[in-house]
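Heads up, coords28.tsv below (TSV, C-alpha atoms and all ligand atoms):
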```tsv
chain	number	residue	atom	x	y	z
A	33	MET	CA	109.83	84.87	90.00
A	34	ARG	CA	106.88	82.98	91.45
A	35	MET	CA	104.42	85.01	93.50
A	36	ALA	CA	104.97	82.84	96.58
A	37	GLN	CA	108.74	83.32	96.28
A	38	ILE	CA	108.31	87.09	95.87
A	39	LEU	CA	106.28	87.29	99.09
A	40	PHE	CA	108.75	85.04	100.92
A	41	SER	CA	111.75	87.16	99.83
A	42	GLN	CA	110.00	90.35	100.98
A	43	GLY	CA	109.38	89.12	104.54
A	44	PHE	CA	105.75	87.93	104.44
A	45	GLY	CA	106.45	84.86	106.57
A	46	SER	CA	107.31	81.23	105.89
A	47	ARG	CA	106.84	79.73	102.44
A	48	ARG	CA	103.70	78.05	103.74
A	49	ALA	CA	102.36	81.34	105.17
A	50	CYS	CA	103.02	83.09	101.83
A	51	ALA	CA	101.21	80.36	99.91
A	52	GLY	CA	98.37	80.74	102.42
A	53	LEU	CA	98.06	84.51	101.82
A	54	ILE	CA	97.81	83.82	98.07
A	55	ALA	CA	95.28	80.98	98.45
A	56	ALA	CA	93.16	83.21	100.71
A	57	GLY	CA	92.88	85.81	97.92
A	58	LEU	CA	94.76	88.44	99.92
A	59	VAL	CA	97.37	89.23	97.25
A	60	ARG	CA	96.75	91.49	94.26
A	61	VAL	CA	98.79	92.80	91.35
A	62	ALA	CA	97.37	95.77	89.42
A	63	GLY	CA	94.07	95.30	91.24
A	64	ARG	CA	93.71	91.63	90.19
A	65	VAL	CA	93.65	88.88	92.83
A	66	ILE	CA	96.53	86.44	92.33
A	67	ASP	CA	95.36	83.10	93.69
A	68	ASP	CA	98.02	80.91	92.06
A	69	ALA	CA	101.20	80.70	94.15
A	70	ALA	CA	103.15	79.63	91.05
A	71	ALA	CA	102.11	82.65	88.92
A	72	GLU	CA	105.30	84.22	87.52
A	73	PHE	CA	106.13	87.95	87.62
A	74	GLU	CA	109.11	90.10	86.82
A	75	ALA	CA	110.10	90.85	90.42
A	76	GLU	CA	112.20	94.00	89.90
A	77	GLY	CA	109.91	97.02	90.21
A	78	LEU	CA	106.80	94.92	90.86
A	79	VAL	CA	104.10	96.62	92.93
A	80	PHE	CA	101.78	94.21	94.71
A	81	GLU	CA	99.20	94.42	97.48
A	82	VAL	CA	98.99	92.21	100.54
A	83	GLU	CA	95.83	92.56	102.58
A	84	GLY	CA	95.17	95.89	100.92
A	85	ARG	CA	98.60	97.41	101.59
A	86	ALA	CA	100.79	98.24	98.59
A	87	TRP	CA	104.41	97.08	98.49
A	88	ARG	CA	107.17	97.43	95.91
A	89	TYR	CA	109.63	94.58	95.45
A	90	HIS	CA	113.16	95.46	96.62
A	91	ALA	CA	115.91	92.85	96.19
A	92	LYS	CA	117.57	94.50	99.21
A	93	ALA	CA	115.85	96.84	101.65
A	94	LEU	CA	117.33	100.22	102.55
A	95	ILE	CA	115.19	102.24	104.95
A	96	VAL	CA	115.52	105.73	106.42
A	97	LEU	CA	113.82	106.02	109.81
A	98	HIS	CA	113.36	109.30	111.67
A	99	LYS	CA	114.34	107.93	115.05
A	100	PRO	CA	112.44	109.52	117.92
A	101	ALA	CA	113.95	109.80	121.42
A	102	GLY	CA	113.02	106.96	123.75
A	103	TYR	CA	113.90	104.07	121.42
A	104	GLU	CA	116.93	101.78	121.52
A	105	CYS	CA	118.74	100.56	118.41
A	106	SER	CA	119.49	97.20	120.01
A	107	GLN	CA	117.52	94.18	118.79
A	108	LYS	CA	117.21	93.19	122.47
A	109	PRO	CA	116.39	96.52	124.15
A	110	ARG	CA	116.73	96.77	127.90
A	111	HIS	CA	114.90	99.92	129.02
A	112	HIS	CA	112.98	101.28	126.03
A	113	PRO	CA	111.27	99.83	122.96
A	114	SER	CA	113.44	98.89	120.00
A	115	VAL	CA	113.48	101.01	116.84
A	116	MET	CA	112.47	97.77	115.12
A	117	SER	CA	109.00	98.14	116.64
A	118	LEU	CA	108.53	101.23	114.41
A	119	LEU	CA	108.80	99.11	111.24
A	120	PRO	CA	106.12	96.87	109.74
A	121	ALA	CA	106.49	93.11	110.23
A	122	PRO	CA	107.71	92.28	106.67
A	123	LEU	CA	110.73	94.59	107.10
A	124	ARG	CA	111.55	93.08	110.48
A	125	ASP	CA	111.06	89.55	109.19
A	126	ARG	CA	113.37	89.98	106.22
A	127	GLY	CA	116.23	90.77	108.59
A	128	VAL	CA	116.51	94.54	108.31
A	129	GLN	CA	118.83	95.93	111.02
A	130	PRO	CA	120.23	99.34	111.99
A	131	VAL	CA	123.41	100.54	110.28
A	132	GLY	CA	125.38	101.47	113.40
A	133	ARG	CA	123.56	102.81	116.43
A	134	LEU	CA	122.12	106.01	117.81
A	135	ASP	CA	121.75	106.43	121.57
A	136	GLU	CA	118.32	106.07	123.14
A	137	ASP	CA	118.02	109.87	123.53
A	138	THR	CA	119.44	110.75	120.08
A	139	THR	CA	116.96	111.64	117.34
A	140	GLY	CA	117.22	111.78	113.56
A	141	LEU	CA	118.36	109.79	110.58
A	142	LEU	CA	118.79	106.07	111.20
A	143	LEU	CA	119.49	103.78	108.25
A	144	LEU	CA	118.34	100.18	108.32
A	145	THR	CA	119.06	97.48	105.77
A	146	ASP	CA	119.21	93.72	105.18
A	147	ASP	CA	122.23	94.19	102.89
A	148	GLY	CA	125.24	92.94	104.86
A	149	THR	CA	127.73	94.24	102.29
A	150	LEU	CA	126.25	97.72	102.51
A	151	ILE	CA	126.32	97.64	106.34
A	152	HIS	CA	130.01	96.80	106.16
A	153	ARG	CA	130.70	99.57	103.65
A	154	LEU	CA	128.82	102.19	105.66
A	155	THR	CA	130.23	101.29	109.07
A	156	SER	CA	133.82	100.36	108.21
A	157	PRO	CA	136.18	103.11	109.44
A	158	ARG	CA	138.15	102.65	106.20
A	159	HIS	CA	135.35	104.13	104.12
A	160	HIS	CA	135.01	107.42	106.03
A	161	VAL	CA	131.30	107.95	105.35
A	162	PRO	CA	130.47	111.40	106.81
A	163	LYS	CA	127.67	111.70	109.34
A	164	VAL	CA	126.25	115.09	110.30
A	165	TYR	CA	125.17	115.74	113.90
A	166	GLU	CA	123.30	118.75	115.28
A	167	VAL	CA	124.29	119.31	118.90
A	168	THR	CA	122.49	121.38	121.50
A	169	ALA	CA	125.08	122.26	124.13
A	170	ARG	CA	124.61	123.18	127.78
A	171	HIS	CA	127.06	126.12	127.64
A	172	PRO	CA	127.73	128.74	124.95
A	173	VAL	CA	129.82	127.33	122.09
A	174	THR	CA	133.22	129.04	121.90
A	175	PRO	CA	135.75	129.31	119.04
A	176	GLY	CA	138.24	127.44	121.27
A	177	GLN	CA	135.87	124.47	121.62
A	178	LEU	CA	135.29	124.34	117.86
A	179	GLN	CA	139.03	124.49	117.24
A	180	ARG	CA	139.65	121.60	119.68
A	181	LEU	CA	136.96	119.53	117.94
A	182	ARG	CA	138.56	120.18	114.53
A	183	GLU	CA	142.14	119.61	115.68
A	184	GLY	CA	141.34	116.50	117.70
A	185	VAL	CA	140.43	115.55	121.27
A	186	LEU	CA	141.64	112.60	123.31
A	187	LEU	CA	139.14	109.79	123.90
A	188	ASP	CA	140.11	106.91	126.15
A	189	ASP	CA	139.37	104.22	123.51
A	190	ALA	CA	141.33	105.91	120.69
A	191	PRO	CA	145.10	105.70	120.28
A	192	ALA	CA	145.35	109.16	118.67
A	193	PRO	CA	143.34	112.41	118.95
A	194	VAL	CA	139.92	112.11	117.30
A	195	ARG	CA	139.03	114.90	114.89
A	196	ALA	CA	135.73	116.16	113.55
A	197	ALA	CA	135.79	116.57	109.77
A	198	ALA	CA	133.92	119.84	110.43
A	199	ALA	CA	132.71	121.68	113.54
A	200	ASP	CA	130.70	124.89	113.16
A	201	ALA	CA	128.53	126.92	115.50
A	202	THR	CA	124.92	127.15	114.30
A	203	GLY	CA	123.72	129.28	117.22
A	204	GLU	CA	124.88	130.43	120.64
A	205	ARG	CA	124.48	126.95	122.14
A	206	THR	CA	124.22	124.81	119.03
A	207	LEU	CA	126.85	123.33	116.74
A	208	ARG	CA	127.08	121.07	113.72
A	209	LEU	CA	129.67	118.29	113.78
A	210	VAL	CA	130.67	116.07	110.88
A	211	LEU	CA	132.26	112.75	111.86
A	212	THR	CA	133.60	110.02	109.62
A	213	GLU	CA	133.83	107.28	112.26
A	214	GLY	CA	131.38	105.96	114.80
A	215	ARG	CA	132.77	105.27	118.25
A	216	TYR	CA	130.53	104.61	121.25
A	217	HIS	CA	128.93	107.93	122.40
A	218	GLN	CA	131.45	109.68	120.16
A	219	VAL	CA	129.73	113.04	119.79
A	220	LYS	CA	128.89	113.33	123.49
A	221	ARG	CA	132.42	112.37	124.53
A	222	MET	CA	134.06	114.71	122.00
A	223	VAL	CA	131.90	117.66	123.06
A	224	ALA	CA	132.72	116.92	126.72
A	225	ALA	CA	136.44	116.62	125.92
A	226	ALA	CA	136.27	120.00	124.15
A	227	GLY	CA	134.89	121.59	127.35
A	228	ASN	CA	131.12	121.67	126.84
A	229	ARG	CA	128.24	119.23	127.33
A	230	CYS	CA	125.82	117.70	124.84
A	231	GLU	CA	122.24	118.26	126.00
A	232	ALA	CA	120.49	117.05	122.86
A	233	LEU	CA	121.71	115.27	119.73
A	234	HIS	CA	120.13	114.90	116.31
A	235	ARG	CA	121.62	113.26	113.19
A	236	SER	CA	120.63	115.15	110.06
A	237	ALA	CA	122.62	113.30	107.38
A	238	PHE	CA	124.37	110.03	106.66
A	239	GLY	CA	126.59	110.16	103.59
A	240	ALA	CA	124.56	111.64	100.74
A	241	LEU	CA	121.24	110.99	102.50
A	242	THR	CA	119.64	113.81	104.47
A	243	LEU	CA	116.60	113.57	106.70
A	244	ALA	CA	113.59	114.84	104.72
A	245	GLN	CA	111.71	117.69	106.45
A	246	ASP	CA	108.38	115.92	106.00
A	247	LEU	CA	109.50	112.65	107.60
A	248	GLU	CA	108.05	112.92	111.11
A	249	PRO	CA	109.67	111.25	114.15
A	250	GLY	CA	108.76	107.56	114.07
A	251	GLN	CA	108.10	107.54	110.30
A	252	TRP	CA	110.18	105.60	107.78
A	253	ARG	CA	110.58	105.45	104.00
A	254	TRP	CA	112.52	103.53	101.38
A	255	ALA	CA	115.89	105.00	100.44
A	256	ASP	CA	117.86	104.62	97.24
A	257	PRO	CA	121.09	102.65	97.76
A	258	ARG	CA	122.58	104.48	94.77
A	259	ALA	CA	123.02	107.40	97.21
A	260	PHE	CA	126.11	105.48	98.37
A	261	GLY	CA	127.52	104.88	94.91
A	262	PRO	CA	127.91	101.60	93.01
A	263	PRO	CA	128.56	98.41	95.03
A	264	ARG	CA	132.29	97.86	95.61
B	1	LIG	N1	127.44	110.07	119.09
B	1	LIG	C1	126.82	109.98	120.30
B	1	LIG	O1	127.38	110.37	121.32
B	1	LIG	N2	125.57	109.46	120.32
B	1	LIG	C2	124.92	109.06	119.22
B	1	LIG	O2	123.76	108.62	119.32
B	1	LIG	C3	125.57	109.16	117.97
B	1	LIG	C4	126.84	109.67	117.94
```
Written form, structure tokens:
Amino acid sequence: MRMAQILFSQGFGSRRACAGLIAAGLVRVAGRVIDDAAAEFEAEGLVFEVEGRAWRYHAKALIVLHKPAGYECSQKPRHHPSVMSLLPAPLRDRGVQPVGRLDEDTTGLLLLTDDGTLIHRLTSPRHHVPKVYEVTARHPVTPGQLQRLREGVLLDDAPAPVRAAAADATGERTLRLVLTEGRYHQVKRMVAAAGNRCEALHRSAFGALTLAQDLEPGQWRWADPRAFGPPR
């Protein structure tokens, strides 16, 4: 693939802007300045530098962000900054978007991608991708509440009781819930329907991906789409 096309596909601006970066001597491969926009490279696995920052070519982007509280997942946030502001411009410009949403006050693992097929696979209720939530509750967690969460609680937008795939106490006022669907405010509404109140919410896993301990709030890293199995 031509260098200009590689930069364009990875979100470095318009074709003209990408050609401009190359002509200005701002693009390097293996330490060597690439000043010919038509220079050909094997794109897959290519590591290149733009203005001194190293990038690896990814045909599709899959990002794990440790979402801090105080950020909205909407592209057009109303009261708080968007999670998109935590990503560098090339990721935003190549059309990366959140896979589902976390509330403004929820922290933890947020996936973002520009792969529409993957978004569909991960958010479609048919695929039952498990998501793990760590809840801090206002009141002590009781066996009765956990049982109601496992057996199903009524939510006003669901025709049948909604069940947690797992619900376990992790402390006196903390519990771990595993859900395989993603309704609006689902965890908070389920915990309320079970007779408690969610005071803080953190997502620790999405499918096979868990939030790495060393990924600080606000930090992101590339994730391996193979964590979700082969494309279907
Ligand atoms: N359930 C909620 O209530 N909020 C979230 O952010 C995610 C799941």
Identify, on the basis of all atoms listed in the file, every residue whose closest approach to stretch 120-127 of chain A does not exceed 8 Å; exclude the query and any residue fewer than 6 positions from it along the same chain; express the result as a PyMOL selection string.
chain A and resi 41-45+93+145-146
Applying 10 Å and only C-alpha atoms, which residues near A:Asp256 remain after dropping the ones on its own chain fewer than 3 positions away? List them as a PyMOL selection string.
chain A and resi 93-96+241+253+259-261
At a cut-off of 7 Å and counting all atoms listed in the file, what residues surround ligand LIG 1 (chain B)? Please answer as a list in words.
Arg133, Leu134, Asp135, Thr138, Gly214, Tyr216, His217, Gln218, Val219, Lys220, Arg221 and Leu233 of chain A
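As for atom CA of A:Arg48 and atom CA of A:Ala69, they are spaced 10.3 Å apart.
By chain and then residue number, the residues within 9 Å of stretch 189-204 of chain A are Pro162, Glu166, Ala169, His171, Pro172, Val173, Thr174, Pro175, Leu178, Gln179, Arg180, Leu181, Arg182, Glu183, Gly184, Val185, Arg208, Leu209, Val210, Leu211, Thr212, Arg215 and Met222 of chain A, counting only C-alpha atoms and disregarding those fewer than 4 positions away in sequence.
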Would you kindly identify which residues have an atom no farther than 12 Å from (116.8, 114.3, 101.4), using all atoms listed in the file and the file's own coordinates, and write them out as a PyMOL selection string?
chain A and resi 96+98+141+236-247+253-256+259
Let me see the file: selected residues, C-alpha atoms, as a PDB file, keeping the file's coordinate frame.
```
ATOM      1  CA  VAL A  96     115.520 105.730 106.420  1.00  0.00           C
ATOM      2  CA  HIS A  98     113.360 109.300 111.670  1.00  0.00           C
ATOM      3  CA  LEU A 141     118.360 109.790 110.580  1.00  0.00           C
ATOM      4  CA  SER A 236     120.630 115.150 110.060  1.00  0.00           C
ATOM      5  CA  ALA A 237     122.620 113.300 107.380  1.00  0.00           C
ATOM      6  CA  PHE A 238     124.370 110.030 106.660  1.00  0.00           C
ATOM      7  CA  GLY A 239     126.590 110.160 103.590  1.00  0.00           C
ATOM      8  CA  ALA A 240     124.560 111.640 100.740  1.00  0.00           C
ATOM      9  CA  LEU A 241     121.240 110.990 102.500  1.00  0.00           C
ATOM     10  CA  THR A 242     119.640 113.810 104.470  1.00  0.00           C
ATOM     11  CA  LEU A 243     116.600 113.570 106.700  1.00  0.00           C
ATOM     12  CA  ALA A 244     113.590 114.840 104.720  1.00  0.00           C
ATOM     13  CA  GLN A 245     111.710 117.690 106.450  1.00  0.00           C
ATOM     14  CA  ASP A 246     108.380 115.920 106.000  1.00  0.00           C
ATOM     15  CA  LEU A 247     109.500 112.650 107.600  1.00  0.00           C
ATOM     16  CA  ARG A 253     110.580 105.450 104.000  1.00  0.00           C
ATOM     17  CA  TRP A 254     112.520 103.530 101.380  1.00  0.00           C
ATOM     18  CA  ALA A 255     115.890 105.000 100.440  1.00  0.00           C
ATOM     19  CA  ASP A 256     117.860 104.620  97.240  1.00  0.00           C
ATOM     20  CA  ALA A 259     123.020 107.400  97.210  1.00  0.00           C
TER      21      ALA A 259
END
```
Between A:Asp137, A:Thr168, A:Ile38, A:Cys230, single out the one closest to A:Gly77, counting only C-alpha atoms.
A:Ile38
Take atom CA of A:Gly148 and atom CA of A:Lys92 and report the distance between them in Å, one decimal.
9.7 Å
